[in-house]
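> Sharing a structure below in structure tokens format, with a few things to ask.
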Amino acid sequence: MLENDNNHALQSQQQVIKRLQTIHQRQRVGHAYIFDGSNGSGKELIASYFTKLLLCMDPKENVPCETCHSCKRIQSGNHPNVVTIRPDGQDIKKDQMAELIMKMTKKGYEEGRKVYIIANAERMNSSASNTLLKFLEEPEGNVTAILLTDSYTSVLPTIQSRCQRIPLQPMNREAIIEALIQQGVTTSLAATVTMMTANANEAYEMTQEDSFVQKRKLVLKLVEAIEQRSPGEALLFIQTDWMPLMKEKSDCEQGIDLLLFAYRDIVAVKAGLQSTIAYPDQLETFTKHSVKNAYSSLTVKIDAILQAKKRLHQNMNRTLLLEQLVLTMQEGLLFV
């Protein structure tokens, strides 16, 4: 395990923290924010810091004291004026949003600002998004929303327009890779896993999971099946190899992400940007694929992968979803 990961995440977001301190100092706290950053970039830590700053009973120079009754309850998750909601299963549902709004609009147990935090905000279903939108359009009382996401473009545009965007700084991927290598992780696996998360502890834990290592191998085999342009072989691979390992929706999403990184690698190699790739052990193979594929073809394939990931959360049959994906990628045409 890697130590002091939380402290490292906070230190890497000093520009964001200074911005939040300025907001507090000038007493210009907005009614809604979107904290946008990659997985592991410290969104929840920053949200907790900002919430403490807003509710702290004794802030010093725009820094929460961390010792007052309010700060301690926020840290423990027991402050009555602070509510956090997370996906119920794969999505955040309308009922969750309705309950949240009820809590935010009724008379609180304590005076002062109320704060609600929505983790994985991009996973609100359409009904939940529309319910939240109505509340954002007509906020009641002294309420601040903090939405957390690693996919800003997946948040409803009308919600984006009613929130202040706070982009988090990307974590130092090279430093995390080096730390993983020092823990005995191979360079190639470290490069792949740091594309999945910027949290060093989480990255290390993933490298120790045999299932993740198997998914990585499976995705590379799928790339070969797709690039061989044999629809029958690729479809058979989905049925006999992919689906037995990707049983859960979360497994399938992880597999699609790994596939996306593989094709981004092929584009990077084609453009001569080899230092950024997620699969350095596949450099020779990806170079061959980059020569055979035009940029336009690679763009279609990447768009198809992104659409598949979006449809995955619309409860589409996963086998059919993957079959359509490989056919789209091989034919170079997007399904309508």
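Convention: chains lettered A, B, ... in structure tokens order; per-chain residue numbering from 1; ligands numbered from 1 as shown.
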Per residue of stretch 158-245 of chain A within 10 Å of stretch 264-277 of chain A, record the nearest atom pair and its distance in Å to one decimal, counting only C-alpha atoms, with rows in chain order and ascending residue number, as JSON lines.


```
{"residue": "A:Arg173", "atom": "CA", "partner": "A:Thr276", "partner_atom": "CA", "distance": 9.7}
{"residue": "A:Glu174", "atom": "CA", "partner": "A:Thr276", "partner_atom": "CA", "distance": 9.6}
{"residue": "A:Ser188", "atom": "CA", "partner": "A:Ile277", "partner_atom": "CA", "distance": 9.6}
{"residue": "A:Ala191", "atom": "CA", "partner": "A:Ile277", "partner_atom": "CA", "distance": 7.4}
{"residue": "A:Thr192", "atom": "CA", "partner": "A:Ile277", "partner_atom": "CA", "distance": 8.2}
{"residue": "A:Met195", "atom": "CA", "partner": "A:Ile277", "partner_atom": "CA", "distance": 9.1}
```

> Can I get the selected residues back with N, CA and C atoms, as a compact mmCIF listing (two decimals), in the first residue's frame?


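Saved to part_36.txt:
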```
# COMPACT_ATOMS: atom_id res chain seq x y z
N ARG A 173 0.93 11.50 -13.05
CA ARG A 173 0.88 10.08 -13.39
C ARG A 173 2.25 9.43 -13.32
N GLU A 174 3.27 10.13 -13.79
CA GLU A 174 4.62 9.56 -13.80
C GLU A 174 5.10 9.22 -12.40
N SER A 188 4.59 -1.99 -17.47
CA SER A 188 3.44 -2.03 -18.37
C SER A 188 2.13 -2.02 -17.59
N ALA A 191 1.55 1.40 -16.04
CA ALA A 191 1.11 2.38 -17.04
C ALA A 191 -0.37 2.23 -17.34
N THR A 192 -0.86 1.00 -17.37
CA THR A 192 -2.27 0.77 -17.65
C THR A 192 -3.15 1.19 -16.49
N MET A 195 -4.07 4.79 -15.83
CA MET A 195 -5.08 5.38 -16.70
C MET A 195 -6.48 5.17 -16.13
```

> Pick out the residues sitting within 7 Å of A:Ala203, and hand them over as a list in words; count only C-alpha atoms, and ignore anything fewer than 4 positions along from it in its own chain.

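The neighbour list is Val193, Thr194, Thr197, Asn199 and Thr207 of chain A.
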
> Could you pull the residues within 9 Å of A:Gly255, counting only C-alpha atoms, minus those fewer than 2 positions along the same chain, as a ChimeraX atom specification?

/A:215-216,218-219,242,246,250-253,257-260

> List as a PyMOL selection string the protein and nucleic acid residues near A:Lys103, meaning an atom at most 10 Å away when only C-alpha atoms are counted, but skip any in the same chain fewer than 3 places from it.

chain A and resi 80-83+97-100+106-108+114+116

> Take the residues that were just selected and, keeping all heavy atoms, output them as a compact mmCIF listing (two decimals), in the first residue's frame.


```
# COMPACT_ATOMS: atom_id res chain seq x y z
N PRO A 80 -25.98 17.41 10.35
CA PRO A 80 -27.36 17.37 9.85
C PRO A 80 -27.60 18.27 8.64
O PRO A 80 -28.58 18.06 7.90
CB PRO A 80 -28.19 17.85 11.05
CG PRO A 80 -27.23 18.65 11.88
CD PRO A 80 -25.91 17.98 11.72
N ASN A 81 -26.76 19.26 8.41
CA ASN A 81 -26.94 20.17 7.28
C ASN A 81 -26.15 19.76 6.04
O ASN A 81 -26.10 20.50 5.06
CB ASN A 81 -26.53 21.60 7.68
CG ASN A 81 -27.55 22.27 8.58
OD1 ASN A 81 -28.39 21.60 9.17
ND2 ASN A 81 -27.48 23.57 8.70
N VAL A 82 -25.52 18.59 6.10
CA VAL A 82 -24.73 18.11 4.97
C VAL A 82 -25.25 16.75 4.54
O VAL A 82 -25.36 15.83 5.35
CB VAL A 82 -23.23 18.01 5.34
CG1 VAL A 82 -22.42 17.49 4.14
CG2 VAL A 82 -22.69 19.35 5.80
N VAL A 83 -25.61 16.62 3.27
CA VAL A 83 -26.14 15.37 2.74
C VAL A 83 -25.33 14.97 1.51
O VAL A 83 -25.06 15.79 0.64
CB VAL A 83 -27.63 15.50 2.36
CG1 VAL A 83 -28.15 14.20 1.75
CG2 VAL A 83 -28.47 15.89 3.58
N MET A 97 -33.15 11.78 -5.60
CA MET A 97 -33.09 13.22 -5.76
C MET A 97 -34.26 13.90 -5.07
O MET A 97 -34.10 14.95 -4.45
CB MET A 97 -33.07 13.56 -7.26
CG MET A 97 -32.51 14.93 -7.57
SD MET A 97 -30.80 15.11 -7.02
CE MET A 97 -30.02 13.82 -7.98
N ALA A 98 -35.42 13.29 -5.17
CA ALA A 98 -36.59 13.86 -4.51
C ALA A 98 -36.41 13.89 -3.00
O ALA A 98 -36.76 14.88 -2.32
CB ALA A 98 -37.84 13.06 -4.89
N GLU A 99 -35.85 12.82 -2.44
CA GLU A 99 -35.59 12.77 -1.00
C GLU A 99 -34.56 13.81 -0.59
O GLU A 99 -34.68 14.46 0.45
CB GLU A 99 -35.12 11.37 -0.60
CG GLU A 99 -34.89 11.21 0.88
CD GLU A 99 -34.43 9.81 1.26
OE1 GLU A 99 -34.39 8.94 0.37
OE2 GLU A 99 -34.10 9.60 2.44
N LEU A 100 -33.53 13.97 -1.43
CA LEU A 100 -32.50 14.98 -1.16
C LEU A 100 -33.11 16.37 -1.11
O LEU A 100 -32.84 17.14 -0.16
CB LEU A 100 -31.42 14.90 -2.24
CG LEU A 100 -30.41 16.05 -2.26
CD1 LEU A 100 -29.49 15.96 -1.05
CD2 LEU A 100 -29.59 16.04 -3.54
N LYS A 106 -36.76 21.45 3.83
CA LYS A 106 -37.45 21.52 5.11
C LYS A 106 -36.57 22.22 6.14
O LYS A 106 -35.35 22.35 5.96
CB LYS A 106 -37.83 20.12 5.60
CG LYS A 106 -36.66 19.28 6.09
CD LYS A 106 -37.16 17.93 6.60
CE LYS A 106 -36.01 17.10 7.18
NZ LYS A 106 -36.48 15.79 7.67
N LYS A 107 -37.17 22.68 7.20
CA LYS A 107 -36.44 23.40 8.24
C LYS A 107 -35.37 22.48 8.83
O LYS A 107 -35.66 21.38 9.27
CB LYS A 107 -37.39 23.88 9.33
CG LYS A 107 -36.72 24.71 10.42
CD LYS A 107 -37.71 25.25 11.40
CE LYS A 107 -37.04 26.03 12.51
NZ LYS A 107 -36.28 27.19 12.02
N GLY A 108 -34.15 22.96 8.81
CA GLY A 108 -33.04 22.13 9.27
C GLY A 108 -32.96 22.04 10.77
O GLY A 108 -33.59 22.80 11.50
N LYS A 114 -26.91 24.96 4.16
CA LYS A 114 -27.00 23.52 3.93
C LYS A 114 -26.19 23.19 2.68
O LYS A 114 -26.15 23.98 1.73
CB LYS A 114 -28.45 23.08 3.72
CG LYS A 114 -29.35 23.30 4.94
CD LYS A 114 -30.76 22.85 4.63
CE LYS A 114 -31.70 23.10 5.81
NZ LYS A 114 -33.09 22.67 5.50
N TYR A 116 -25.29 20.01 -0.11
CA TYR A 116 -25.50 18.64 -0.58
C TYR A 116 -24.46 18.32 -1.65
O TYR A 116 -24.13 19.15 -2.49
CB TYR A 116 -26.92 18.39 -1.06
CG TYR A 116 -27.42 19.17 -2.24
CD1 TYR A 116 -27.36 18.64 -3.54
CD2 TYR A 116 -28.00 20.42 -2.06
CE1 TYR A 116 -27.85 19.35 -4.63
CE2 TYR A 116 -28.50 21.14 -3.14
CZ TYR A 116 -28.42 20.60 -4.42
OH TYR A 116 -28.91 21.31 -5.49
```

> How would you write, as an MDAnalysis selection string, the set of residues in stretch 3-245 of chain A that DSSP gives as helix (DSSP H, G or I)?

chainID A and resid 5:12 14:25 43:55 69:76 94:105 121:123 126:137 152:154 157:160 173:182 187:196 200:207 210:227 231:245

> If we count only C-alpha atoms and set the cut-off at 8 Å, which residues sit around A:Ala145, ignoring sequence neighbours fewer than 4 positions away in its own chain? Please answer as a short mmCIF file (atom, residue, chain, number, x, y, z; two decimals) with C-alpha atoms, in the first residue's frame.


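So the final result, stored in result_23.cif, reads:
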```cif
data_model
loop_
_atom_site.label_atom_id
_atom_site.label_comp_id
_atom_site.auth_asym_id
_atom_site.auth_seq_id
_atom_site.Cartn_x
_atom_site.Cartn_y
_atom_site.Cartn_z
CA HIS A 31 -25.54 27.99 -5.12
CA ALA A 32 -24.02 25.19 -7.23
CA TYR A 33 -20.59 23.88 -8.23
CA VAL A 115 -24.70 21.63 1.58
CA TYR A 116 -25.50 18.64 -0.58
CA ILE A 117 -22.87 16.63 -2.43
CA ILE A 118 -23.72 14.41 -5.42
#
```

> Write out as a list in words the set of residues from stretch 154-306 of chain A that DSSP, computed on the backbone, places in strand (DSSP E or B).

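DSSP on the backbone gives strand (DSSP E or B) at Gln164, Arg165, Ile166 and Pro167 of chain A.
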
> Find the distance between atom CA of A:Thr285 and atom CA of A:Glu209 and write it in Å to one decimal.

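Calculated distance between atom CA of A:Thr285 and atom CA of A:Glu209 is 25.4 Å.
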
> Any idea what's packed within 8 Å of stretch 320-326 of chain A, counting only C-alpha atoms, ignoring anything in its chain fewer than 2 positions away? Could you give it as a ChimeraX atom specification?

/A:226,231,234-235,238,304-305,308,311-312,316-318,328-330,335

> Emit the selected residues as a short mmCIF file (atom, residue, chain, number, x, y, z; two decimals), in the first residue's frame, including N, CA, C and O atoms.


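What landed in out26.cif:
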```cif
data_model
loop_
_atom_site.label_atom_id
_atom_site.label_comp_id
_atom_site.auth_asym_id
_atom_site.auth_seq_id
_atom_site.Cartn_x
_atom_site.Cartn_y
_atom_site.Cartn_z
N ILE A 226 -10.48 -7.49 -33.53
CA ILE A 226 -11.09 -6.40 -34.29
C ILE A 226 -10.23 -6.02 -35.49
O ILE A 226 -10.72 -5.85 -36.61
N PRO A 231 -15.37 -10.49 -38.75
CA PRO A 231 -16.54 -10.32 -37.89
C PRO A 231 -16.92 -11.58 -37.13
O PRO A 231 -17.24 -11.53 -35.95
N ALA A 234 -14.48 -12.13 -34.20
CA ALA A 234 -14.67 -11.13 -33.15
C ALA A 234 -15.95 -11.39 -32.36
O ALA A 234 -15.97 -11.29 -31.13
N LEU A 235 -17.03 -11.73 -33.05
CA LEU A 235 -18.30 -12.01 -32.36
C LEU A 235 -18.19 -13.27 -31.51
O LEU A 235 -18.73 -13.32 -30.39
N ILE A 238 -16.44 -12.41 -28.30
CA ILE A 238 -17.32 -11.75 -27.34
C ILE A 238 -18.12 -12.78 -26.56
O ILE A 238 -18.26 -12.70 -25.32
N ALA A 304 -17.23 5.05 -31.38
CA ALA A 304 -18.07 3.87 -31.15
C ALA A 304 -17.91 3.35 -29.72
O ALA A 304 -18.88 2.96 -29.07
N ILE A 305 -16.67 3.35 -29.23
CA ILE A 305 -16.41 2.90 -27.86
C ILE A 305 -17.08 3.84 -26.86
O ILE A 305 -17.71 3.39 -25.89
N ALA A 308 -20.73 3.21 -26.81
CA ALA A 308 -21.03 1.95 -26.13
C ALA A 308 -21.03 2.14 -24.61
O ALA A 308 -21.88 1.59 -23.90
N ARG A 311 -24.25 3.81 -23.67
CA ARG A 311 -25.40 2.90 -23.76
C ARG A 311 -25.39 1.85 -22.66
O ARG A 311 -26.44 1.33 -22.28
N LEU A 312 -24.20 1.56 -22.15
CA LEU A 312 -24.10 0.57 -21.07
C LEU A 312 -24.94 0.98 -19.87
O LEU A 312 -25.53 0.14 -19.18
N MET A 316 -28.89 -1.47 -21.71
CA MET A 316 -28.94 -2.25 -22.94
C MET A 316 -28.33 -3.61 -22.69
O MET A 316 -27.41 -3.76 -21.87
N ASN A 317 -28.83 -4.64 -23.35
CA ASN A 317 -28.26 -5.98 -23.21
C ASN A 317 -26.77 -5.94 -23.52
O ASN A 317 -26.36 -5.49 -24.60
N ARG A 318 -25.95 -6.41 -22.57
CA ARG A 318 -24.51 -6.22 -22.70
C ARG A 318 -23.90 -7.03 -23.83
O ARG A 318 -22.98 -6.57 -24.52
N THR A 328 -19.39 -2.35 -35.48
CA THR A 328 -19.21 -0.95 -35.83
C THR A 328 -17.75 -0.63 -36.08
O THR A 328 -17.39 0.03 -37.06
N MET A 329 -16.89 -1.11 -35.19
CA MET A 329 -15.47 -0.81 -35.31
C MET A 329 -14.86 -1.46 -36.55
O MET A 329 -13.96 -0.89 -37.18
N GLN A 330 -15.34 -2.63 -36.89
CA GLN A 330 -14.79 -3.33 -38.07
C GLN A 330 -15.34 -2.75 -39.38
O GLN A 330 -14.63 -2.69 -40.37
N PHE A 335 -23.60 2.83 -35.73
CA PHE A 335 -25.02 2.47 -35.71
C PHE A 335 -25.83 3.69 -35.35
O PHE A 335 -25.45 4.48 -34.49
#
```

> Have a look at A:Phe50, A:Gln164, A:Met196, A:Gln13 and name the one nearest to A:Phe212; count only C-alpha atoms.

A:Met196

> So that I can see what lies close to A:Glu44, please list as a PyMOL selection string the residues with an atom at most 8 Å from it, counting only C-alpha atoms and leaving out residues fewer than 3 positions away in the same chain.

chain A and resi 47-48+119+148

> So the first atom is atom CA of A:Ile92 and the second is atom CA of A:Arg123; what is the distance between them in Å, to one decimal place?

5.9 Å
